[in-house]
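*Asks:* Dropping in target-v9.cif, which is mmCIF, C-alpha atoms and all ligand atoms:
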data_data
loop_
_atom_site.group_PDB
_atom_site.id
_atom_site.type_symbol
_atom_site.label_atom_id
_atom_site.label_comp_id
_atom_site.auth_asym_id
_atom_site.auth_seq_id
_atom_site.Cartn_x
_atom_site.Cartn_y
_atom_site.Cartn_z
ATOM 1 C CA MET A 1 27.297 23.186 49.104
ATOM 2 C CA GLU A 2 26.101 26.085 51.249
ATOM 3 C CA GLU A 3 23.872 25.201 54.191
ATOM 4 C CA SER A 4 20.219 25.805 53.379
ATOM 5 C CA TRP A 5 19.562 28.334 56.189
ATOM 6 C CA LYS A 6 22.207 30.523 54.624
ATOM 7 C CA GLU A 7 20.799 30.147 51.134
ATOM 8 C CA LYS A 8 17.335 31.233 52.285
ATOM 9 C CA LEU A 9 18.575 34.346 54.020
ATOM 10 C CA LYS A 10 20.798 35.263 51.112
ATOM 11 C CA GLU A 11 17.941 35.205 48.658
ATOM 12 C CA ALA A 12 15.222 36.937 50.685
ATOM 13 C CA PRO A 13 14.626 40.674 50.304
ATOM 14 C CA ILE A 14 15.331 42.596 53.509
ATOM 15 C CA SER A 15 11.699 43.781 53.641
ATOM 16 C CA ARG A 16 10.680 40.115 53.962
ATOM 17 C CA ILE A 17 13.341 39.315 56.564
ATOM 18 C CA MET A 18 12.249 42.300 58.671
ATOM 19 C CA LYS A 19 8.620 41.232 58.395
ATOM 20 C CA VAL A 20 9.493 37.748 59.626
ATOM 21 C CA ALA A 21 11.508 39.305 62.462
ATOM 22 C CA TYR A 22 8.534 41.502 63.384
ATOM 23 C CA GLU A 23 6.103 38.588 63.384
ATOM 24 C CA ASN A 24 8.408 36.396 65.464
ATOM 25 C CA ARG A 25 9.553 39.185 67.802
ATOM 26 C CA VAL A 26 13.190 38.781 66.816
ATOM 27 C CA LEU A 27 15.385 41.874 66.986
ATOM 28 C CA ILE A 28 17.564 42.914 64.058
ATOM 29 C CA PRO A 29 20.247 45.270 65.342
ATOM 30 C CA ALA A 30 21.683 47.870 62.970
ATOM 31 C CA PHE A 31 25.277 48.764 63.738
ATOM 32 C CA ASN A 32 26.610 52.107 62.530
ATOM 33 C CA VAL A 33 29.858 51.949 60.595
ATOM 34 C CA ALA A 34 31.701 54.991 61.916
ATOM 35 C CA TYR A 35 35.072 53.722 60.641
ATOM 36 C CA LEU A 36 35.643 51.470 57.634
ATOM 37 C CA PRO A 37 37.502 48.654 59.459
ATOM 38 C CA MET A 38 34.404 48.196 61.636
ATOM 39 C CA VAL A 39 32.725 46.370 58.732
ATOM 40 C CA LYS A 40 35.074 43.405 58.987
ATOM 41 C CA ALA A 41 34.852 43.350 62.785
ATOM 42 C CA ILE A 42 31.037 43.492 62.932
ATOM 43 C CA MET A 43 30.823 40.738 60.322
ATOM 44 C CA ARG A 44 33.169 38.555 62.338
ATOM 45 C CA ALA A 45 30.951 38.892 65.415
ATOM 46 C CA LEU A 46 27.859 38.031 63.340
ATOM 47 C CA GLU A 47 29.558 34.990 61.839
ATOM 48 C CA GLU A 48 30.773 33.672 65.171
ATOM 49 C CA LEU A 49 27.306 34.037 66.707
ATOM 50 C CA GLU A 50 25.249 33.186 63.595
ATOM 51 C CA THR A 51 23.203 36.315 64.160
ATOM 52 C CA PHE A 52 21.545 38.475 61.517
ATOM 53 C CA ALA A 53 22.037 42.266 61.560
ATOM 54 C CA LEU A 54 22.185 45.365 59.416
ATOM 55 C CA LEU A 55 25.307 47.408 58.881
ATOM 56 C CA GLU A 56 24.403 51.031 58.370
ATOM 57 C CA VAL A 57 26.009 54.350 57.624
ATOM 58 C CA SER A 58 24.705 57.813 58.409
ATOM 59 C CA ARG A 59 25.835 61.267 57.253
ATOM 60 C CA PRO A 60 27.606 61.999 60.562
ATOM 61 C CA ASP A 61 29.468 58.661 60.256
ATOM 62 C CA ILE A 62 30.882 60.044 57.003
ATOM 63 C CA THR A 63 31.275 63.746 57.824
ATOM 64 C CA ARG A 64 32.300 63.575 61.483
ATOM 65 C CA PHE A 65 33.934 60.162 61.861
ATOM 66 C CA GLY A 66 35.813 57.809 59.543
ATOM 67 C CA ALA A 67 33.295 56.144 57.231
ATOM 68 C CA GLU A 68 34.617 58.271 54.327
ATOM 69 C CA SER A 69 31.757 57.898 51.823
ATOM 70 C CA LEU A 70 28.720 55.801 50.887
ATOM 71 C CA ARG A 71 30.839 54.227 48.164
ATOM 72 C CA ALA A 72 33.736 53.382 50.490
ATOM 73 C CA VAL A 73 31.383 51.623 52.917
ATOM 74 C CA LYS A 74 29.722 49.708 50.076
ATOM 75 C CA GLU A 75 33.122 48.572 48.774
ATOM 76 C CA GLU A 76 34.169 47.482 52.249
ATOM 77 C CA TYR A 77 30.873 45.631 52.607
ATOM 78 C CA ASP A 78 31.309 43.950 49.214
ATOM 79 C CA HIS A 79 34.645 42.726 50.459
ATOM 80 C CA HIS A 80 33.701 41.486 53.932
ATOM 81 C CA GLY A 81 29.900 41.331 54.017
ATOM 82 C CA ASP A 82 27.851 38.147 53.948
ATOM 83 C CA LEU A 83 24.239 38.287 52.783
ATOM 84 C CA ALA A 84 23.388 35.228 54.880
ATOM 85 C CA LEU A 85 23.937 37.341 57.986
ATOM 86 C CA SER A 86 23.491 40.960 56.994
ATOM 87 C CA ARG A 87 22.345 43.716 54.669
ATOM 88 C CA LEU A 88 23.621 47.244 54.089
ATOM 89 C CA HIS A 89 21.373 50.149 55.117
ATOM 90 C CA GLN A 90 21.641 53.885 54.494
ATOM 91 C CA ASP A 91 20.874 55.496 57.857
ATOM 92 C CA HIS A 92 19.358 58.990 58.437
ATOM 93 C CA VAL A 93 19.124 61.008 55.267
ATOM 94 C CA PRO A 94 17.783 64.203 56.819
ATOM 95 C CA VAL A 95 15.723 66.738 54.923
ATOM 96 C CA ILE A 96 16.840 69.321 57.495
ATOM 97 C CA ASP A 97 20.047 68.371 59.295
ATOM 98 C CA GLU A 98 21.043 68.626 62.963
ATOM 99 C CA GLU A 99 22.289 72.189 62.367
ATOM 100 C CA GLY A 100 19.026 73.292 60.788
ATOM 101 C CA LYS A 101 20.437 73.288 57.233
ATOM 102 C CA GLU A 102 18.594 71.952 54.200
ATOM 103 C CA VAL A 103 20.068 68.784 52.723
ATOM 104 C CA ASP A 104 19.957 67.535 49.133
ATOM 105 C CA TRP A 105 18.262 64.368 50.348
ATOM 106 C CA LYS A 106 17.255 63.197 46.932
ATOM 107 C CA ALA A 107 20.848 63.100 45.675
ATOM 108 C CA LEU A 108 21.934 61.087 48.728
ATOM 109 C CA ILE A 109 19.119 58.560 48.361
ATOM 110 C CA GLU A 110 19.837 58.231 44.636
ATOM 111 C CA GLU A 111 23.521 57.689 45.364
ATOM 112 C CA ALA A 112 22.759 54.843 47.786
ATOM 113 C CA LEU A 113 20.303 53.259 45.358
ATOM 114 C CA ALA A 114 22.818 53.421 42.525
ATOM 115 C CA LEU A 115 25.475 51.837 44.745
ATOM 116 C CA GLY A 116 23.178 48.962 45.639
ATOM 117 C CA TYR A 117 22.288 49.642 49.283
ATOM 118 C CA HIS A 118 19.545 47.250 50.387
ATOM 119 C CA SER A 119 17.467 49.764 52.342
ATOM 120 C CA VAL A 120 17.426 53.522 52.942
ATOM 121 C CA MET A 121 16.144 55.886 55.611
ATOM 122 C CA ILE A 122 14.583 59.242 54.850
ATOM 123 C CA ASP A 123 14.415 61.406 57.959
ATOM 124 C CA GLY A 124 11.779 64.102 57.618
ATOM 125 C CA SER A 125 11.278 64.319 61.361
ATOM 126 C CA ARG A 126 12.159 68.018 61.448
ATOM 127 C CA LEU A 127 9.339 68.770 58.970
ATOM 128 C CA SER A 128 5.619 69.197 59.519
ATOM 129 C CA LEU A 129 3.589 65.997 59.321
ATOM 130 C CA GLU A 130 2.280 66.804 55.848
ATOM 131 C CA GLU A 131 5.739 67.699 54.488
ATOM 132 C CA ASN A 132 7.229 64.580 56.043
ATOM 133 C CA ILE A 133 4.522 62.523 54.313
ATOM 134 C CA ARG A 134 5.180 64.216 50.973
ATOM 135 C CA VAL A 135 8.945 63.612 51.032
ATOM 136 C CA THR A 136 8.672 60.063 52.401
ATOM 137 C CA ARG A 137 6.136 59.147 49.750
ATOM 138 C CA GLU A 138 8.549 60.317 47.064
ATOM 139 C CA VAL A 139 11.371 58.203 48.506
ATOM 140 C CA VAL A 140 9.094 55.162 48.802
ATOM 141 C CA ALA A 141 8.140 55.445 45.114
ATOM 142 C CA LEU A 142 11.777 55.785 44.074
ATOM 143 C CA ALA A 143 13.186 53.026 46.295
ATOM 144 C CA HIS A 144 10.372 50.529 45.826
ATOM 145 C CA SER A 145 10.721 50.788 42.053
ATOM 146 C CA GLN A 146 14.197 49.291 42.617
ATOM 147 C CA GLY A 147 13.140 46.740 45.229
ATOM 148 C CA VAL A 148 14.712 48.703 48.083
ATOM 149 C CA ALA A 149 13.035 49.028 51.508
ATOM 150 C CA VAL A 150 12.421 52.393 53.177
ATOM 151 C CA GLU A 151 12.526 53.535 56.790
ATOM 152 C CA ALA A 152 11.144 56.916 57.865
ATOM 153 C CA GLU A 153 10.945 58.789 61.158
ATOM 154 C CA LEU A 154 8.094 60.459 62.971
ATOM 155 C CA GLY A 155 8.566 62.312 66.247
ATOM 156 C CA SER A 156 11.856 63.683 67.549
ATOM 157 C CA VAL A 157 14.692 61.449 68.652
ATOM 158 C CA LEU A 158 16.769 64.281 70.114
ATOM 159 C CA GLY A 159 20.501 64.301 70.815
ATOM 160 C CA HIS A 160 22.287 64.925 67.519
ATOM 161 C CA GLU A 161 21.708 68.674 67.718
ATOM 162 C CA LYS A 162 24.377 70.954 69.195
ATOM 163 C CA GLY A 163 24.056 72.116 72.788
ATOM 164 C CA PRO A 164 22.748 70.385 75.888
ATOM 165 C CA LEU A 165 19.568 68.334 75.914
ATOM 166 C CA PRO A 166 16.800 69.209 78.343
ATOM 167 C CA PRO A 167 17.222 67.080 81.496
ATOM 168 C CA TYR A 168 16.356 63.497 80.518
ATOM 169 C CA GLU A 169 13.831 62.924 83.321
ATOM 170 C CA GLU A 170 11.923 66.032 82.277
ATOM 171 C CA LEU A 171 11.948 64.885 78.671
ATOM 172 C CA PHE A 172 10.698 61.425 79.552
ATOM 173 C CA ARG A 173 8.005 62.628 81.937
ATOM 174 C CA SER A 174 6.628 65.265 79.571
ATOM 175 C CA GLY A 175 6.780 62.984 76.512
ATOM 176 C CA GLN A 176 8.259 65.899 74.569
ATOM 177 C CA GLY A 177 8.813 64.902 70.939
ATOM 178 C CA PHE A 178 7.192 61.469 71.357
ATOM 179 C CA THR A 179 5.623 60.020 68.202
ATOM 180 C CA SER A 180 1.868 60.536 68.177
ATOM 181 C CA PRO A 181 0.153 57.143 67.635
ATOM 182 C CA GLU A 182 -2.633 58.745 65.592
ATOM 183 C CA ASP A 183 -0.133 60.595 63.368
ATOM 184 C CA ALA A 184 1.831 57.361 62.978
ATOM 185 C CA ARG A 185 -1.261 55.534 61.726
ATOM 186 C CA HIS A 186 -1.967 58.308 59.206
ATOM 187 C CA PHE A 187 1.713 58.506 58.173
ATOM 188 C CA VAL A 188 2.066 54.771 57.505
ATOM 189 C CA GLN A 189 -1.175 54.644 55.573
ATOM 190 C CA GLU A 190 -0.299 57.665 53.431
ATOM 191 C CA THR A 191 3.331 56.803 52.675
ATOM 192 C CA GLY A 192 3.456 53.009 52.358
ATOM 193 C CA VAL A 193 6.759 53.107 54.256
ATOM 194 C CA ASP A 194 8.240 49.737 55.289
ATOM 195 C CA TRP A 195 9.584 50.571 58.760
ATOM 196 C CA LEU A 196 8.973 53.481 61.105
ATOM 197 C CA SER A 197 11.417 55.025 63.567
ATOM 198 C CA VAL A 198 9.590 56.187 66.687
ATOM 199 C CA ALA A 199 10.355 58.399 69.678
ATOM 200 C CA ILE A 200 9.260 56.805 72.963
ATOM 201 C CA GLY A 201 11.937 57.963 75.398
ATOM 202 C CA ASN A 202 14.963 57.019 73.283
ATOM 203 C CA ILE A 203 17.587 59.693 72.540
ATOM 204 C CA HIS A 204 20.622 59.833 70.261
ATOM 205 C CA GLY A 205 24.178 59.782 71.591
ATOM 206 C CA ALA A 206 26.066 63.034 70.995
ATOM 207 C CA ILE A 207 28.113 63.377 67.804
ATOM 208 C CA THR A 208 29.888 66.637 68.646
ATOM 209 C CA GLY A 209 31.864 68.162 71.535
ATOM 210 C CA ALA A 210 33.138 66.421 74.641
ATOM 211 C CA ALA A 211 29.829 64.574 75.098
ATOM 212 C CA LYS A 212 30.558 62.376 72.080
ATOM 213 C CA ASP A 213 33.301 60.645 74.089
ATOM 214 C CA GLN A 214 31.266 60.262 77.264
ATOM 215 C CA LYS A 215 28.837 57.612 78.391
ATOM 216 C CA LYS A 216 25.256 58.320 77.328
ATOM 217 C CA VAL A 217 22.462 58.870 79.817
ATOM 218 C CA GLU A 218 20.646 55.617 80.499
ATOM 219 C CA ALA A 219 17.349 56.044 78.678
ATOM 220 C CA ARG A 220 14.035 54.362 79.467
ATOM 221 C CA LEU A 221 11.111 53.653 77.143
ATOM 222 C CA ASN A 222 7.403 54.283 77.521
ATOM 223 C CA ILE A 223 6.156 50.814 76.625
ATOM 224 C CA GLU A 224 2.454 51.710 76.810
ATOM 225 C CA HIS A 225 3.038 54.479 74.316
ATOM 226 C CA LEU A 226 4.865 52.021 72.068
ATOM 227 C CA GLN A 227 1.952 49.585 72.312
ATOM 228 C CA ARG A 228 -0.453 52.284 71.100
ATOM 229 C CA ILE A 229 1.791 53.062 68.118
ATOM 230 C CA ALA A 230 2.225 49.365 67.298
ATOM 231 C CA GLN A 231 -1.526 48.715 67.401
ATOM 232 C CA LEU A 232 -2.206 51.501 64.920
ATOM 233 C CA THR A 233 0.629 50.891 62.477
ATOM 234 C CA GLY A 234 1.210 47.144 62.133
ATOM 235 C CA ILE A 235 4.684 47.495 60.577
ATOM 236 C CA PRO A 236 8.176 46.896 61.985
ATOM 237 C CA LEU A 237 9.148 49.756 64.290
ATOM 238 C CA VAL A 238 12.660 51.090 64.756
ATOM 239 C CA LEU A 239 14.367 52.285 67.913
ATOM 240 C CA HIS A 240 17.069 54.873 67.293
ATOM 241 C CA GLY A 241 19.564 55.929 69.928
ATOM 242 C CA GLY A 242 20.043 52.288 70.861
ATOM 243 C CA SER A 243 23.194 52.771 72.932
ATOM 244 C CA GLY A 244 22.685 52.670 76.659
ATOM 245 C CA ILE A 245 18.960 52.006 76.947
ATOM 246 C CA LYS A 246 18.091 49.989 80.051
ATOM 247 C CA LYS A 247 18.044 46.331 79.073
ATOM 248 C CA GLU A 248 14.641 45.446 80.505
ATOM 249 C CA TYR A 249 13.045 48.191 78.405
ATOM 250 C CA VAL A 250 14.709 46.993 75.222
ATOM 251 C CA LEU A 251 13.533 43.424 75.786
ATOM 252 C CA GLU A 252 10.000 44.632 76.503
ATOM 253 C CA ALA A 253 10.090 46.850 73.389
ATOM 254 C CA ILE A 254 10.996 43.858 71.204
ATOM 255 C CA LYS A 255 7.875 42.069 72.443
ATOM 256 C CA ASN A 256 5.854 45.128 71.477
ATOM 257 C CA GLY A 257 6.849 45.810 67.882
ATOM 258 C CA ILE A 258 10.418 47.136 67.922
ATOM 259 C CA THR A 259 12.175 45.070 65.240
ATOM 260 C CA LYS A 260 15.291 47.131 64.504
ATOM 261 C CA ILE A 261 17.523 48.931 66.973
ATOM 262 C CA ASN A 262 20.123 51.415 65.768
ATOM 263 C CA VAL A 263 23.356 51.312 67.722
ATOM 264 C CA GLY A 264 26.040 53.890 67.066
ATOM 265 C CA THR A 265 27.769 55.487 70.034
ATOM 266 C CA GLU A 266 28.759 52.493 72.090
ATOM 267 C CA VAL A 267 30.267 50.477 69.261
ATOM 268 C CA ARG A 268 32.079 53.566 67.944
ATOM 269 C CA GLN A 269 33.450 54.260 71.410
ATOM 270 C CA ALA A 270 34.634 50.650 71.691
ATOM 271 C CA TYR A 271 36.463 51.006 68.369
ATOM 272 C CA GLU A 272 38.035 54.324 69.424
ATOM 273 C CA LYS A 273 39.099 52.876 72.773
ATOM 274 C CA GLY A 274 40.811 49.968 70.999
ATOM 275 C CA LEU A 275 42.458 52.316 68.542
ATOM 276 C CA GLY A 276 44.113 54.136 71.446
ATOM 277 C CA LYS A 277 46.818 56.730 71.127
ATOM 278 C CA ASN A 278 48.847 54.622 68.710
ATOM 279 C CA SER A 279 45.997 54.092 66.228
ATOM 280 C CA ILE A 280 46.220 50.317 66.135
ATOM 281 C CA VAL A 281 43.402 49.244 63.821
ATOM 282 C CA LYS A 282 43.683 45.590 64.769
ATOM 283 C CA GLU A 283 43.102 46.403 68.421
ATOM 284 C CA ALA A 284 40.172 48.615 67.478
ATOM 285 C CA GLN A 285 38.653 45.741 65.516
ATOM 286 C CA GLU A 286 39.138 43.358 68.445
ATOM 287 C CA GLU A 287 37.299 45.770 70.778
ATOM 288 C CA THR A 288 34.522 46.111 68.210
ATOM 289 C CA VAL A 289 34.085 42.345 67.852
ATOM 290 C CA LYS A 290 33.988 42.012 71.641
ATOM 291 C CA ARG A 291 31.401 44.771 72.139
ATOM 292 C CA VAL A 292 29.137 43.583 69.310
ATOM 293 C CA LYS A 293 29.254 40.032 70.659
ATOM 294 C CA GLU A 294 28.381 41.246 74.167
ATOM 295 C CA LEU A 295 25.434 43.234 72.842
ATOM 296 C CA ILE A 296 24.108 40.269 70.876
ATOM 297 C CA THR A 297 24.568 37.697 73.617
ATOM 298 C CA ASP A 298 24.006 39.461 76.934
ATOM 299 C CA TYR A 299 21.928 42.479 76.047
ATOM 300 C CA TYR A 300 19.573 41.631 73.178
ATOM 301 C CA GLU A 301 19.792 37.857 73.767
ATOM 302 C CA ILE A 302 19.592 37.087 70.041
ATOM 303 C CA LYS A 303 22.522 34.732 69.569
ATOM 304 C CA GLY A 304 21.695 32.382 66.663
ATOM 305 C CA SER A 305 18.871 34.607 65.360
ATOM 306 C CA ALA A 306 19.789 33.808 61.744
ATOM 307 C CA HIS A 307 18.426 30.289 62.240
ATOM 308 C CA ILE A 308 15.071 31.494 63.599
ATOM 309 C CA LEU A 309 14.681 33.991 60.780
ATOM 310 C CA SER A 310 15.635 31.511 58.113
ATOM 311 C CA LYS A 311 13.276 28.859 59.438
ATOM 312 C CA ASN A 312 10.341 31.261 59.246
ATOM 313 C CA LEU A 313 11.073 32.725 55.821
HETATM 314 O O1 LIG A 401 20.904 56.183 63.693
HETATM 315 C C1 LIG A 401 21.766 55.913 64.554
HETATM 316 C C2 LIG A 401 21.397 55.556 65.915
HETATM 317 O O2 LIG A 401 20.196 56.113 66.253
HETATM 318 C C3 LIG A 401 22.525 55.632 66.883
HETATM 319 O O3 LIG A 401 22.194 56.055 68.181
HETATM 320 O O4 LIG A 401 24.520 56.542 68.835
HETATM 321 O O5 LIG A 401 22.699 56.668 70.494
HETATM 322 O O6 LIG A 401 23.433 54.459 69.603
HETATM 323 P P1 LIG A 401 23.263 55.909 69.360
HETATM 324 ZN ZN ZN A 402 19.394 57.539 64.625
#
Once more with this new file: its structure as structure tokens, please.
*Replies:*
Amino acid sequence: MEESWKEKLKEAPISRIMKVAYENRVLIPAFNVAYLPMVKAIMRALEELETFALLEVSRPDITRFGAESLRAVKEEYDHHGDLALSRLHQDHVPVIDEEGKEVDWKALIEEALALGYHSVMIDGSRLSLEENIRVTREVVALAHSQGVAVEAELGSVLGHEKGPLPPYEELFRSGQGFTSPEDARHFVQETGVDWLSVAIGNIHGAITGAAKDQKKVEARLNIEHLQRIAQLTGIPLVLHGGSGIKKEYVLEAIKNGITKINVGTEVRQAYEKGLGKNSIVKEAQEETVKRVKELITDYYEIKGSAHILSKNL
């Protein structure tokens, strides 16, 4: 018979698991699947460390890297995934994309729901507050009617757009694009969203040009700003651009309401490094397992988190 901690996690909806994580200040990392064989590798790391995480796929993972399609990732997850240690999340469905183009967001959300994704993210962060509320509310109604959790974004987590970012120090000091705590309160109240992605100094790793292969700038976080957002929202908060943030800030953020961290660039780069010139998938998977295990153990310090979550469900 299956151990009972596994049974409990398998049966709980992800909205409940995230709530328990939020209340107990346990981090749930969300690893982007930029290439299909990463699913098996990430799962192996989670199994070996008995740690709970999300596997997620964004549009750029599909259009710019090797995730192929929402369906392909779901099939790979059905094959290798384990609900005792993970769920599958649709990352960043933008209303306006990183090139300024309109996206048929509704079709993408509907596709993920039909495929059986456990949670979805609508990203209306390039819209006005009122438009972002309108679209997010529509997604919440649609997803909740099928028992699926919704993440939304408020503020600007820059970095996916083409061209150079303003100097990081300037960005951090000025608070440009930071989520307004007052707007966040209003947004959460009006939309009924489950989780909110916030901008507090975090930036996305590049997905185009030479920068996508380089090390990201080491970001910091404005913890006082995060505390103000957390006080006014009371729901699990999400930190995008998780690669390369200074460790002490991440640990402090977890104590102050960050429940999910999205990690793309550094795990993708580990996979690509392993793949090397000869495209050896096995090596790429080994590098992925190694990097994910390092992140879990040394960086987030959440080895064995599945037990804590299960106990508090
Ligand atoms: O949604 C994806 C994440 O925000 C990834 O950010 O590539 O900087 O780790 P990152
Ligand atoms: Zn992101």
*Asks:* Using all atoms listed in the file, which residues have at least one atom no more than 10 Å from ligand LIG 401 (chain A)? Output them as a short mmCIF file (atom, residue, chain, number, x, y, z; two decimals) with C-alpha atoms, keeping the file's coordinate frame.
*Replies:*
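Output contents, as saved in part_6.cif:
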data_model
loop_
_atom_site.label_atom_id
_atom_site.label_comp_id
_atom_site.auth_asym_id
_atom_site.auth_seq_id
_atom_site.Cartn_x
_atom_site.Cartn_y
_atom_site.Cartn_z
CA ALA A 30 21.68 47.87 62.97
CA PHE A 31 25.28 48.76 63.74
CA ASN A 32 26.61 52.11 62.53
CA VAL A 33 29.86 51.95 60.60
CA GLU A 56 24.40 51.03 58.37
CA VAL A 57 26.01 54.35 57.62
CA SER A 58 24.70 57.81 58.41
CA ARG A 59 25.84 61.27 57.25
CA PRO A 60 27.61 62.00 60.56
CA ASP A 61 29.47 58.66 60.26
CA GLN A 90 21.64 53.88 54.49
CA ASP A 91 20.87 55.50 57.86
CA HIS A 92 19.36 58.99 58.44
CA VAL A 93 19.12 61.01 55.27
CA MET A 121 16.14 55.89 55.61
CA VAL A 157 14.69 61.45 68.65
CA LEU A 158 16.77 64.28 70.11
CA GLY A 159 20.50 64.30 70.82
CA HIS A 160 22.29 64.92 67.52
CA SER A 197 11.42 55.02 63.57
CA ASN A 202 14.96 57.02 73.28
CA ILE A 203 17.59 59.69 72.54
CA HIS A 204 20.62 59.83 70.26
CA GLY A 205 24.18 59.78 71.59
CA ALA A 206 26.07 63.03 71.00
CA ILE A 207 28.11 63.38 67.80
CA LYS A 212 30.56 62.38 72.08
CA LYS A 216 25.26 58.32 77.33
CA VAL A 217 22.46 58.87 79.82
CA ALA A 219 17.35 56.04 78.68
CA VAL A 238 12.66 51.09 64.76
CA LEU A 239 14.37 52.28 67.91
CA HIS A 240 17.07 54.87 67.29
CA GLY A 241 19.56 55.93 69.93
CA GLY A 242 20.04 52.29 70.86
CA SER A 243 23.19 52.77 72.93
CA GLY A 244 22.68 52.67 76.66
CA ILE A 245 18.96 52.01 76.95
CA ILE A 261 17.52 48.93 66.97
CA ASN A 262 20.12 51.42 65.77
CA VAL A 263 23.36 51.31 67.72
CA GLY A 264 26.04 53.89 67.07
CA THR A 265 27.77 55.49 70.03
CA GLU A 266 28.76 52.49 72.09
CA VAL A 267 30.27 50.48 69.26
CA ARG A 268 32.08 53.57 67.94
CA GLN A 269 33.45 54.26 71.41
#
*Asks:* Kindly resolve the PyMOL selection byres (((chain A and resi 300) around 9) and not hetatm) on the present coordinates and return the residues as a PyMOL selection string.
*Replies:* chain A and resi 27+29+247+250-251+294-299+301-303
*Asks:* Would you mind telling me which residue in A:Val148, A:Ile258, A:Leu196, A:Ala253 lies nearest to Arg220 in chain A when using all atoms listed in the file?
*Replies:* A:Ala253
*Asks:* Just give me the residues with any atom within 12 Å of (0.8, 56.9, 77.0), file coordinates, counting all atoms listed in the file, written as JSON, numbers by chain.
*Replies:* {"A": [172, 173, 174, 175, 176, 178, 179, 180, 181, 200, 201, 221, 222, 223, 224, 225, 226, 227, 228, 229]}
*Asks:* Go through A:Val198, A:Leu70, A:Ile28, A:Ile62 one by one, measure the shortest atom-to-atom distance of each to ligand ZN 402 (chain A) using all atoms listed in the file, and give the residue with the smallest value.
*Replies:*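 Closest to ligand ZN 402 (chain A), using all atoms listed in the file: A:Val198.
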*Asks:* On this file, the PyMOL selection byres (((chain A and resi 3-11) around 8) and not hetatm) gives some set of residues; write that set as a ChimeraX atom specification.
*Replies:* /A:1-2,12-13,17,83-85,306-307,309-311,313
*Asks:* With all atoms listed in the file as the basis for distance, which of A:Arg185, A:Arg291, A:His80, A:Lys260 is at the shortest distance from ligand ZN 402 (chain A)?
*Replies:*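 Of all the options, A:Lys260 lies closest to ligand ZN 402 (chain A).
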